[in-house]
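Trainee: Take a look at structure_5.cif, mmCIF, C-alpha atoms and all ligand atoms:
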data_structure
loop_
_atom_site.label_atom_id
_atom_site.label_comp_id
_atom_site.auth_asym_id
_atom_site.auth_seq_id
_atom_site.Cartn_x
_atom_site.Cartn_y
_atom_site.Cartn_z
CA MET A 228 7.29 -11.60 -30.52
CA LYS A 229 5.41 -8.40 -29.86
CA TYR A 230 4.69 -6.84 -26.46
CA CYS A 231 1.68 -4.86 -25.33
CA LYS A 232 2.31 -1.13 -25.59
CA ARG A 233 1.01 -0.52 -22.11
CA CYS A 234 1.96 -3.60 -20.05
CA LEU A 235 4.51 -6.35 -20.70
CA PHE A 236 2.38 -9.24 -21.94
CA PRO A 237 3.72 -10.79 -25.14
CA ASP A 238 1.48 -11.82 -28.02
CA THR A 239 2.65 -15.40 -27.39
CA LYS A 240 0.45 -15.57 -24.26
CA PRO A 241 -2.44 -17.95 -24.96
CA ASP A 242 -5.86 -16.36 -25.38
CA ILE A 243 -4.53 -12.82 -25.56
CA TYR A 244 -5.86 -10.28 -28.02
CA PHE A 245 -4.30 -6.98 -29.04
CA ASP A 246 -6.32 -3.99 -30.29
CA GLU A 247 -5.29 -1.72 -33.21
CA GLU A 248 -3.27 0.44 -30.85
CA GLY A 249 -1.21 -2.53 -29.68
CA ARG A 250 -2.81 -2.78 -26.25
CA CYS A 251 -3.79 -6.15 -24.84
CA ASP A 252 -7.26 -7.03 -23.61
CA ALA A 253 -6.04 -7.45 -20.00
CA CYS A 254 -5.14 -3.73 -20.10
CA ASN A 255 -8.48 -2.87 -21.66
CA SER A 256 -10.24 -4.96 -19.02
CA ALA A 257 -8.34 -3.12 -16.28
CA ASP A 258 -9.62 0.17 -17.69
CA ARG A 259 -13.14 -1.15 -17.71
CA LYS A 260 -12.71 -2.15 -14.10
CA LYS A 261 -11.65 1.34 -13.17
CA GLY A 262 -14.82 2.61 -14.71
CA VAL A 263 -13.01 4.45 -17.49
CA GLU A 264 -15.64 3.22 -19.88
CA ASN A 265 -18.27 3.15 -17.21
CA ALA A 266 -19.16 -0.25 -18.56
CA ILE A 267 -19.80 -1.89 -15.22
CA ASP A 268 -22.54 -0.87 -12.84
CA TRP A 269 -20.96 -2.09 -9.60
CA ASP A 270 -23.88 -1.01 -7.43
CA SER A 271 -26.32 -3.18 -9.32
CA ARG A 272 -23.88 -6.10 -9.28
CA ALA A 273 -23.45 -5.73 -5.51
CA GLU A 274 -27.24 -5.72 -5.22
CA GLU A 275 -27.39 -8.88 -7.34
CA PHE A 276 -24.85 -10.53 -5.01
CA LYS A 277 -26.85 -9.54 -1.96
CA LYS A 278 -29.87 -11.29 -3.45
CA ILE A 279 -27.79 -14.43 -4.08
CA CYS A 280 -26.69 -14.42 -0.42
CA ASP A 281 -30.26 -13.89 0.82
CA LYS A 282 -31.47 -16.74 -1.35
CA HIS A 283 -28.88 -19.16 0.02
CA ARG A 284 -28.81 -18.17 3.68
CA SER A 285 -29.92 -21.17 5.72
CA LYS A 286 -33.41 -20.52 7.12
CA ASP A 287 -32.94 -22.36 10.39
CA GLY A 288 -29.15 -22.09 10.65
CA MET A 289 -28.82 -25.86 10.46
CA ASN A 290 -26.64 -25.89 7.36
CA TYR A 291 -23.80 -23.78 5.96
CA ASP A 292 -24.81 -20.86 3.77
CA CYS A 293 -21.94 -21.21 1.32
CA ILE A 294 -18.63 -22.89 0.68
CA VAL A 295 -15.45 -20.88 0.26
CA PRO A 296 -12.48 -22.71 -1.28
CA VAL A 297 -9.38 -21.42 0.52
CA SER A 298 -5.78 -21.99 -0.57
CA GLY A 299 -4.15 -19.87 2.12
CA GLY A 300 -3.38 -17.02 -0.27
CA LYS A 301 -4.52 -13.49 0.56
CA ASP A 302 -7.48 -13.49 -1.82
CA SER A 303 -9.13 -16.69 -0.62
CA VAL A 304 -8.63 -15.75 3.03
CA PHE A 305 -10.18 -12.38 2.20
CA GLN A 306 -13.18 -14.11 0.59
CA ALA A 307 -13.82 -16.15 3.73
CA TYR A 308 -13.60 -12.95 5.77
CA GLN A 309 -15.96 -11.06 3.46
CA MET A 310 -18.56 -13.82 3.45
CA LYS A 311 -18.55 -14.09 7.21
CA VAL A 312 -18.18 -10.45 8.23
CA ALA A 313 -19.46 -8.26 5.37
CA HIS A 314 -22.19 -10.55 4.06
CA LYS A 315 -23.13 -12.13 7.40
CA MET A 316 -23.06 -15.63 5.93
CA ASN A 317 -22.04 -18.85 7.67
CA PRO A 318 -19.34 -20.21 5.36
CA LEU A 319 -17.64 -23.59 5.32
CA ALA A 320 -14.02 -23.15 4.22
CA VAL A 321 -12.55 -25.99 2.13
CA THR A 322 -8.85 -26.44 1.46
CA PHE A 323 -7.33 -28.87 -1.01
CA ASP A 324 -3.93 -29.41 0.60
CA GLN A 325 -1.21 -28.45 -1.82
CA PHE A 326 1.84 -30.69 -2.17
CA ASP A 327 4.24 -27.78 -1.88
CA GLN A 328 2.54 -25.85 0.92
CA THR A 329 4.92 -23.33 2.51
CA ASP A 330 5.26 -22.56 6.23
CA THR A 331 3.92 -19.10 5.46
CA GLY A 332 0.90 -20.66 3.72
CA ARG A 333 0.21 -22.77 6.80
CA ILE A 334 0.40 -19.75 9.10
CA ASN A 335 -1.94 -17.87 6.77
CA LEU A 336 -4.54 -20.62 6.85
CA ASP A 337 -4.63 -20.05 10.60
CA VAL A 338 -6.16 -16.64 9.86
CA LEU A 339 -9.37 -18.62 9.30
CA ARG A 340 -9.33 -19.44 13.01
CA GLU A 341 -9.09 -15.73 13.70
CA ILE A 342 -12.08 -15.08 11.42
CA GLY A 343 -13.95 -17.94 13.09
CA VAL A 344 -15.18 -20.34 10.42
CA ASP A 345 -15.49 -24.13 10.15
CA HIS A 346 -12.80 -25.55 7.90
CA ILE A 347 -12.23 -28.83 6.04
CA HIS A 348 -8.80 -29.91 4.79
CA PHE A 349 -8.73 -32.47 2.02
CA THR A 350 -5.39 -34.29 1.69
CA LEU A 351 -5.00 -36.67 -1.24
CA ASN A 352 -2.85 -39.76 -0.66
CA PRO A 353 0.69 -38.25 -0.79
CA LYS A 354 2.03 -41.23 -2.76
CA ILE A 355 -0.48 -40.56 -5.53
CA VAL A 356 0.18 -36.83 -5.31
CA ARG A 357 3.90 -37.29 -5.88
CA ARG A 358 3.26 -39.42 -8.95
CA LEU A 359 0.73 -36.93 -10.29
CA VAL A 360 3.14 -34.03 -9.82
CA ARG A 361 5.74 -35.91 -11.85
CA LYS A 362 3.20 -36.82 -14.48
CA GLY A 363 1.94 -33.24 -14.63
CA PHE A 364 5.52 -32.12 -15.25
CA GLU A 365 6.17 -34.80 -17.86
CA ILE A 366 3.00 -34.77 -19.94
CA VAL A 367 1.37 -31.41 -19.23
CA GLY A 368 4.44 -29.27 -18.57
CA ASP A 369 2.78 -28.12 -15.34
CA PRO A 370 3.72 -29.81 -12.04
CA HIS A 371 0.80 -28.02 -10.35
CA TRP A 372 -1.83 -29.64 -12.59
CA ILE A 373 -2.99 -31.66 -9.59
CA ASN A 374 -3.44 -28.50 -7.52
CA HIS A 375 -5.65 -26.89 -10.16
CA VAL A 376 -7.85 -29.94 -10.59
CA GLY A 377 -8.06 -30.46 -6.81
CA ILE A 378 -8.88 -26.84 -6.02
CA TYR A 379 -11.64 -26.71 -8.64
CA THR A 380 -13.14 -30.15 -8.02
CA VAL A 381 -13.01 -31.04 -4.30
CA PRO A 382 -15.14 -28.05 -3.18
CA ALA A 383 -17.83 -29.10 -5.70
CA HIS A 384 -17.92 -32.56 -4.09
CA ILE A 385 -18.21 -31.02 -0.63
CA ALA A 386 -21.04 -28.82 -1.92
CA VAL A 387 -22.88 -31.89 -3.20
CA LYS A 388 -22.24 -34.03 -0.11
CA PHE A 389 -23.14 -31.29 2.40
CA LYS A 390 -25.97 -30.01 0.20
CA VAL A 391 -24.61 -26.46 0.22
CA PRO A 392 -25.36 -25.04 -3.24
CA LEU A 393 -23.44 -21.75 -3.16
CA LEU A 394 -19.70 -21.83 -3.87
CA ILE A 395 -17.83 -18.55 -3.67
CA TRP A 396 -14.78 -18.23 -5.93
CA GLY A 397 -12.51 -15.21 -6.16
CA GLU A 398 -11.63 -13.27 -9.24
CA ASN A 399 -12.54 -14.22 -12.76
CA PRO A 400 -9.01 -14.79 -14.12
CA GLN A 401 -10.09 -13.85 -17.65
CA LEU A 402 -11.06 -10.41 -16.41
CA GLU A 403 -7.86 -9.87 -14.44
CA TYR A 404 -5.34 -11.52 -16.76
CA GLY A 405 -7.11 -11.40 -20.14
CA GLY A 406 -8.97 -14.02 -22.17
CA PRO A 407 -11.55 -14.45 -24.90
CA ALA A 408 -14.09 -11.62 -24.89
CA SER A 409 -17.01 -13.95 -24.27
CA SER A 410 -15.40 -15.33 -21.08
CA ARG A 411 -14.55 -12.04 -19.39
CA ASP A 412 -17.99 -11.34 -18.03
CA ASN A 413 -18.42 -14.88 -16.83
CA LYS A 414 -19.87 -15.01 -13.36
CA VAL A 415 -20.35 -18.75 -12.95
CA LEU A 416 -17.72 -21.42 -12.42
CA ASP A 417 -18.92 -24.88 -13.47
CA LYS A 418 -17.47 -28.06 -14.93
CA ARG A 419 -17.19 -26.51 -18.37
CA TRP A 420 -15.31 -23.54 -16.96
CA ARG A 421 -13.01 -25.86 -15.04
CA GLN A 422 -12.15 -27.76 -18.21
CA GLU A 423 -11.69 -24.68 -20.36
CA PHE A 424 -10.09 -22.13 -18.04
CA GLY A 425 -9.19 -23.93 -14.81
CA CYS A 426 -5.60 -24.61 -15.85
CA MET A 427 -6.49 -28.19 -16.84
CA ARG A 428 -4.43 -27.51 -19.99
CA GLY A 429 -6.50 -29.84 -22.10
CA PHE A 430 -5.93 -32.81 -19.77
CA ARG A 431 -8.68 -34.60 -17.92
CA GLU A 432 -8.35 -36.73 -14.81
CA GLU A 433 -8.65 -39.94 -16.85
CA ASP A 434 -5.59 -38.92 -18.89
CA MET A 435 -3.47 -39.47 -15.76
CA VAL A 436 -4.23 -43.19 -15.46
CA ASP A 437 -1.20 -45.45 -15.94
CA ASP A 438 0.47 -48.51 -14.35
CA GLU A 439 0.80 -46.74 -11.02
CA ILE A 440 -2.35 -44.58 -10.97
CA SER A 441 -5.81 -46.06 -11.31
CA MET A 442 -9.11 -44.28 -11.82
CA SER A 443 -9.99 -45.27 -8.27
CA ASP A 444 -7.02 -43.21 -6.97
CA LEU A 445 -8.46 -40.24 -8.85
CA LYS A 446 -12.12 -40.59 -7.90
CA ILE A 447 -12.21 -37.29 -6.00
CA PHE A 448 -11.10 -35.53 -9.21
CA VAL A 449 -14.08 -36.79 -11.17
CA TYR A 450 -16.44 -33.83 -11.21
CA PRO A 451 -19.87 -34.54 -9.66
CA THR A 452 -22.39 -35.61 -12.30
CA ASP A 453 -24.82 -33.12 -13.83
CA GLU A 454 -27.64 -34.83 -11.92
CA GLU A 455 -25.84 -34.41 -8.58
CA ILE A 456 -25.08 -30.76 -9.35
CA GLN A 457 -28.68 -30.07 -10.36
CA GLU A 458 -30.18 -31.91 -7.42
CA VAL A 459 -28.39 -29.67 -4.94
CA GLY A 460 -28.43 -26.66 -7.28
CA VAL A 461 -24.67 -26.16 -6.94
CA ASN A 462 -23.61 -22.84 -8.40
CA GLY A 463 -20.12 -21.39 -8.26
CA GLN A 464 -20.02 -17.60 -8.32
CA PHE A 465 -17.03 -15.33 -8.92
CA TYR A 466 -16.93 -12.79 -6.11
CA GLY A 467 -14.87 -10.57 -8.41
CA TYR A 468 -17.76 -10.33 -10.86
CA TYR A 469 -19.93 -8.65 -8.26
CA HIS A 470 -17.37 -6.54 -6.41
CA LYS A 471 -14.33 -4.66 -7.65
CA TRP A 472 -11.35 -6.93 -7.16
CA ASN A 473 -8.33 -5.21 -5.63
CA SER A 474 -5.68 -7.58 -4.31
CA ILE A 475 -3.72 -4.83 -2.57
CA GLU A 476 -6.79 -3.78 -0.60
CA HIS A 477 -7.43 -7.43 0.28
CA LEU A 478 -3.88 -7.76 1.53
CA LYS A 479 -4.28 -4.78 3.87
CA ILE A 480 -7.40 -6.33 5.38
CA VAL A 481 -5.99 -9.82 5.92
CA GLU A 482 -2.71 -8.47 7.30
CA LYS A 483 -4.67 -7.01 10.18
CA LEU A 484 -5.90 -10.55 10.90
CA GLY A 485 -2.38 -12.01 10.98
CA PHE A 486 -1.62 -12.76 7.32
CA LYS A 487 2.14 -13.05 6.79
CA HIS A 488 4.42 -12.37 3.81
CA LEU A 489 7.13 -14.78 2.64
CA PRO A 490 10.54 -13.98 4.17
CA ARG A 491 11.50 -12.72 0.68
CA ALA A 492 10.25 -12.93 -2.90
CA TRP A 493 11.55 -16.12 -4.47
CA ALA A 494 13.21 -16.45 -7.86
CA GLY A 495 10.70 -16.32 -10.69
CA SER A 496 8.49 -14.04 -8.61
CA TRP A 497 8.63 -10.38 -7.62
CA LEU A 498 6.24 -9.99 -4.69
CA ASP A 499 6.70 -11.56 -1.25
CA TRP A 500 2.95 -11.59 -0.57
CA GLU A 501 1.58 -13.27 -3.67
CA ASN A 502 1.45 -17.04 -4.16
CA CYS A 503 3.15 -17.40 -0.78
CA ASP A 504 1.38 -20.73 -0.31
CA MET A 505 3.24 -22.62 -3.07
CA LYS A 506 6.93 -23.36 -2.67
CA LEU A 507 7.63 -24.82 -6.12
CA LEU A 508 5.85 -22.13 -8.09
CA ASP A 509 9.16 -21.13 -9.66
CA ILE A 510 9.21 -24.49 -11.49
CA ARG A 511 5.72 -24.01 -12.92
CA GLU A 512 6.46 -20.42 -13.90
CA HIS A 513 9.77 -21.35 -15.51
CA LEU A 514 7.88 -23.85 -17.66
CA LYS A 515 5.33 -21.19 -18.56
CA TRP A 516 8.21 -18.90 -19.47
CA VAL A 517 9.83 -21.44 -21.83
CA LYS A 518 6.45 -22.15 -23.45
CA TYR A 519 5.10 -18.63 -23.81
CA GLY A 520 7.97 -16.26 -23.12
CA TYR A 521 6.63 -14.80 -19.87
CA GLY A 522 6.17 -15.91 -16.27
CA ARG A 523 4.74 -14.84 -12.91
CA VAL A 524 6.93 -11.74 -12.62
CA THR A 525 5.28 -10.34 -15.77
CA ASP A 526 1.81 -11.13 -14.37
CA GLN A 527 2.65 -9.35 -11.12
CA VAL A 528 4.44 -6.35 -12.62
CA ASN A 529 1.65 -5.76 -15.18
CA ILE A 530 -0.93 -5.19 -12.46
CA PHE A 531 1.29 -2.52 -10.88
CA ILE A 532 1.89 -0.88 -14.26
CA ARG A 533 -1.84 -0.74 -14.98
CA ASN A 534 -2.52 0.69 -11.54
CA GLY A 535 0.06 3.40 -12.25
CA GLU A 536 2.16 2.30 -9.29
CA ILE A 537 5.27 1.67 -11.37
CA THR A 538 6.19 2.76 -14.89
CA ARG A 539 6.46 0.35 -17.80
CA GLU A 540 10.18 1.16 -17.83
CA GLU A 541 10.60 0.12 -14.18
CA GLY A 542 8.56 -3.03 -14.87
CA LEU A 543 10.81 -3.93 -17.81
CA LYS A 544 13.87 -3.91 -15.58
CA ILE A 545 12.24 -6.18 -12.98
CA VAL A 546 10.96 -8.64 -15.58
CA LYS A 547 14.34 -8.90 -17.32
CA GLU A 548 16.04 -9.54 -14.00
CA ARG A 549 13.65 -12.05 -12.44
CA ASP A 550 11.18 -13.66 -14.85
CA GLY A 551 11.55 -17.38 -15.60
CA LYS A 552 14.27 -17.91 -12.95
CA MET A 553 14.27 -20.95 -10.65
CA GLU A 554 15.67 -21.66 -7.20
CA HIS A 555 13.95 -24.89 -6.18
CA LYS A 556 15.03 -27.10 -9.10
CA GLN A 557 17.02 -29.55 -6.97
CA GLU A 558 14.27 -29.75 -4.36
CA PHE A 559 11.71 -30.42 -7.08
CA CYS A 560 13.89 -33.11 -8.67
CA ASP A 561 14.39 -34.81 -5.29
CA TYR A 562 10.64 -34.73 -4.67
CA ILE A 563 9.66 -36.41 -7.94
CA GLY A 564 12.76 -38.62 -8.07
CA ILE A 565 14.63 -37.41 -11.15
CA THR A 566 18.08 -35.88 -11.72
CA PRO A 567 18.61 -32.26 -12.81
CA THR A 568 19.79 -33.57 -16.19
CA GLU A 569 16.53 -35.48 -16.60
CA PHE A 570 14.71 -32.31 -15.57
CA ASP A 571 16.44 -30.35 -18.35
CA LYS A 572 15.60 -33.01 -20.90
CA ILE A 573 11.88 -32.98 -20.04
CA ARG A 574 11.82 -29.18 -19.72
CA ASP A 575 13.42 -28.84 -23.16
CA THR A 576 10.51 -30.67 -24.77
CA TYR A 577 8.37 -27.65 -23.77
CA VAL A 578 10.72 -24.94 -24.99
CA ASN A 579 9.23 -22.83 -27.78
CA LYS A 580 12.27 -22.58 -30.02
CA ASP A 581 10.61 -19.91 -32.17
CA ILE A 582 10.98 -17.47 -29.30
CA LEU A 583 13.90 -18.86 -27.25
CA GLU A 584 17.48 -19.73 -28.07
CA LYS A 585 20.38 -21.12 -26.07
CA VAL A 586 23.00 -18.55 -25.12
CA ASP A 587 25.94 -19.82 -23.01
CA GLY A 588 23.93 -22.94 -22.21
CA GLU A 589 20.89 -21.00 -20.91
CA TRP A 590 17.54 -20.56 -22.66
CA THR A 591 17.17 -16.88 -23.53
CA LEU A 592 14.38 -14.92 -25.21
CA LYS A 593 15.26 -13.94 -28.79
CA THR A 594 13.16 -10.78 -28.33
CA PRO A 595 13.38 -9.72 -24.69
CA PRO A 596 10.59 -7.48 -23.39
CA ASN A 597 10.97 -4.03 -24.90
ZN ZN B 1 -1.36 -5.00 -21.81
#
Re-express the file's structure as structure tokens.
Mentor:
Amino acid sequence: MKYCKRCLFPDTKPDIYFDEEGRCDACNSADRKKGVENAIDWDSRAEEFKKICDKHRSKDGMNYDCIVPVSGGKDSVFQAYQMKVAHKMNPLAVTFDQFDQTDTGRINLDVLREIGVDHIHFTLNPKIVRRLVRKGFEIVGDPHWINHVGIYTVPAHIAVKFKVPLLIWGENPQLEYGGPASSRDNKVLDKRWRQEFGCMRGFREEDMVDDEISMSDLKIFVYPTDEEIQEVGVNGQFYGYYHKWNSIEHLKIVEKLGFKHLPRAWAGSWLDWENCDMKLLDIREHLKWVKYGYGRVTDQVNIFIRNGEITREEGLKIVKERDGKMEHKQEFCDYIGITPTEFDKIRDTYVNKDILEKVDGEWTLKTPPN
């Protein structure tokens, strides 16, 4: 296992590429973003975005101008604010209700009331959700599979049904967190993107069908057909392609509108203001950690290292202390109806034994970040 010379991503992260100097492409992307290579002409991209808004603004005000999918995290709340205030659009906010929504996440969704937008909540039958969370854990190794598919699919249905073509997404994750070169300048989110990069992890909605889940239970997860998409002209745009994406700046803006932090950063995380809408994120990130040797703490710390806000040395200490840790294991087991021993057994099927070994009964990285 090798780590990036600048940040703390390991070479076991899927879709990561290292250059000759041992730096990862997420670091190189970050430099591009800062204009070090002057590769991006932000003014012309902002101009391009303005044209997209003008094209989609309802002529008579009798329909919404765009749809903004909102989870309740700082970035999506910021997007709704930007569309309404900075771009003078009339957005319809759409939330796919997450099974592990936190109290803080609920409070933060109320910021939308402060901004003043119409808002649709979509809640999938909780009995089906519970089963899908368990299945996601068992066969995908990601209990949040249902959240990803819901977040990326339900807004597309709303776009089709309401005949609102423009969908505004946030950052392009391949630009922020690294990915294949061809995907980093992607500005459009469509069905193909959802399948390849939307955390579907190679599983489609039909793969979830079993004795207790029928295709009819999953109908909202079936992406609208190509004909439906074309008829309305649905196009999903990454806001972060057109405007420099800076989460810390977004946070400052939404805080003024009432956005709250978690009471404290949970295990498996470092920041109290990121992912504060998902309570069981530590479970997902622990699974990521046993599969790939890194978790959310590394993701968070790396951004601070690249921004020069902490040193790599300081980041190392935080990652070693916090990454891959869990605190909601019992709660998660109770929710999906298994015992902690059963949890360990399923979890162990995902452990990459090339990079982890058991020390005193705990999975430990053979090559800790260095
Ligand atoms: Zn790096």
Trainee: Could you pull out the residues sitting within 12 Å of ligand ZN 1 (chain B), using all atoms listed in the file, and write them as a PyMOL selection string?
Mentor: chain A and resi 229-238+240+243-246+248-258+403-406+525-526+528-534+539
Trainee: Here is a test: counting all atoms listed in the file, which residue of A:Thr322, A:Ser271, A:Thr452, A:Gln306 is nearest to Gln464 (chain A)?
Mentor: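 Of A:Thr322, A:Ser271, A:Thr452, A:Gln306, the one nearest Gln464 (chain A) is A:Gln306, counting all atoms listed in the file.
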Trainee: So which residues touch Thr329 (chain A) within 12 Å, counting all atoms listed in the file, skipping near sequence neighbours fewer than 5 positions away, as a list in words?
Mentor: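 Skipping anything fewer than 5 positions along the chain leaves Ser298, Gly299, Gly300, Asp324, Ile334, Asn335, Leu336, Lys487, His488, Leu489, Pro490, Asn502, Cys503, Asp504, Met505, Lys506, Leu507 and Leu508 of chain A.
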Trainee: Report, in Å with one decimal, the straight-line distance from CA of Val338 (chain A) to CA of Glu275 (chain A).
Mentor: 28.4 Å
Trainee: Give the answer as one residue: which of A:Val356, A:Val461, A:Ile279, A:Ile573 has the shortest atom-to-atom distance to Lys390 (chain A), using all atoms listed in the file?
Mentor: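 Nearest to Lys390 (chain A): A:Val461.
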Trainee: List as a ChimeraX atom specification the protein and nucleic acid residues near Phe389 (chain A), meaning an atom at most 9 Å away when only C-alpha atoms are counted, but skip any in the same chain fewer than 5 places from it.
Mentor: /A:290-291,384
Trainee: Pick the closest to Trp590 (chain A) from A:His513, A:His371, A:Lys544, A:Arg259: which is it, counting only C-alpha atoms?
Mentor: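 So, comparing all the options, the nearest one is A:His513.
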Trainee: I'd like the interatomic distance between CA of Leu484 (chain A) and CA of Asn462 (chain A), to a tenth of an Å.
Mentor: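 Going from CA of Leu484 (chain A) over to CA of Asn462 (chain A), I get 28.9 Å.
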Trainee: Which residue out of A:Arg340, A:Trp500, A:Ala266, A:Tyr577 has the minimum interatomic distance to Leu478 (chain A) when all atoms listed in the file are used?
Mentor: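 Going through A:Arg340, A:Trp500, A:Ala266, A:Tyr577 one by one, the smallest distance to Leu478 (chain A) is for A:Trp500.
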Trainee: Report, in Å with one decimal, the straight-line distance from CA of Met310 (chain A) to CA of Ser474 (chain A).
Mentor: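 These two atoms are separated by 16.3 Å.
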Trainee: Could you write region 445-456 of chain A as a PDB file, in the frame of the given file, with N, CA and C atoms rebuilt where they are missing?
Mentor:
ATOM      1  N   LEU A 445      -8.132 -41.600  -8.388  1.00  0.00           N
ATOM      2  CA  LEU A 445      -8.460 -40.240  -8.850  1.00  0.00           C
ATOM      3  C   LEU A 445      -9.936 -39.898  -8.665  1.00  0.00           C
ATOM      4  N   LYS A 446     -10.649 -40.760  -7.928  1.00  0.00           N
ATOM      5  CA  LYS A 446     -12.120 -40.590  -7.900  1.00  0.00           C
ATOM      6  C   LYS A 446     -12.568 -39.210  -7.429  1.00  0.00           C
ATOM      7  N   ILE A 447     -11.798 -38.601  -6.518  1.00  0.00           N
ATOM      8  CA  ILE A 447     -12.210 -37.290  -6.000  1.00  0.00           C
ATOM      9  C   ILE A 447     -12.073 -36.202  -7.080  1.00  0.00           C
ATOM     10  N   PHE A 448     -11.288 -36.498  -8.118  1.00  0.00           N
ATOM     11  CA  PHE A 448     -11.100 -35.530  -9.210  1.00  0.00           C
ATOM     12  C   PHE A 448     -12.173 -35.625 -10.287  1.00  0.00           C
ATOM     13  N   VAL A 449     -12.996 -36.671 -10.189  1.00  0.00           N
ATOM     14  CA  VAL A 449     -14.080 -36.790 -11.170  1.00  0.00           C
ATOM     15  C   VAL A 449     -15.180 -35.832 -10.735  1.00  0.00           C
ATOM     16  N   TYR A 450     -15.474 -34.871 -11.574  1.00  0.00           N
ATOM     17  CA  TYR A 450     -16.440 -33.830 -11.210  1.00  0.00           C
ATOM     18  C   TYR A 450     -17.802 -34.477 -10.907  1.00  0.00           C
ATOM     19  N   PRO A 451     -18.536 -33.974  -9.916  1.00  0.00           N
ATOM     20  CA  PRO A 451     -19.870 -34.540  -9.660  1.00  0.00           C
ATOM     21  C   PRO A 451     -20.687 -34.550 -10.962  1.00  0.00           C
ATOM     22  N   THR A 452     -21.604 -35.498 -11.059  1.00  0.00           N
ATOM     23  CA  THR A 452     -22.390 -35.610 -12.300  1.00  0.00           C
ATOM     24  C   THR A 452     -23.359 -34.427 -12.411  1.00  0.00           C
ATOM     25  N   ASP A 453     -23.859 -34.206 -13.615  1.00  0.00           N
ATOM     26  CA  ASP A 453     -24.820 -33.120 -13.830  1.00  0.00           C
ATOM     27  C   ASP A 453     -26.047 -33.299 -12.933  1.00  0.00           C
ATOM     28  N   GLU A 454     -26.456 -34.549 -12.762  1.00  0.00           N
ATOM     29  CA  GLU A 454     -27.640 -34.830 -11.920  1.00  0.00           C
ATOM     30  C   GLU A 454     -27.356 -34.397 -10.473  1.00  0.00           C
ATOM     31  N   GLU A 455     -26.185 -34.770  -9.966  1.00  0.00           N
ATOM     32  CA  GLU A 455     -25.840 -34.410  -8.580  1.00  0.00           C
ATOM     33  C   GLU A 455     -25.802 -32.892  -8.407  1.00  0.00           C
ATOM     34  N   ILE A 456     -25.200 -32.225  -9.401  1.00  0.00           N
ATOM     35  CA  ILE A 456     -25.080 -30.760  -9.350  1.00  0.00           C
ATOM     36  C   ILE A 456     -26.477 -30.135  -9.347  1.00  0.00           C
TER      37      ILE A 456
END
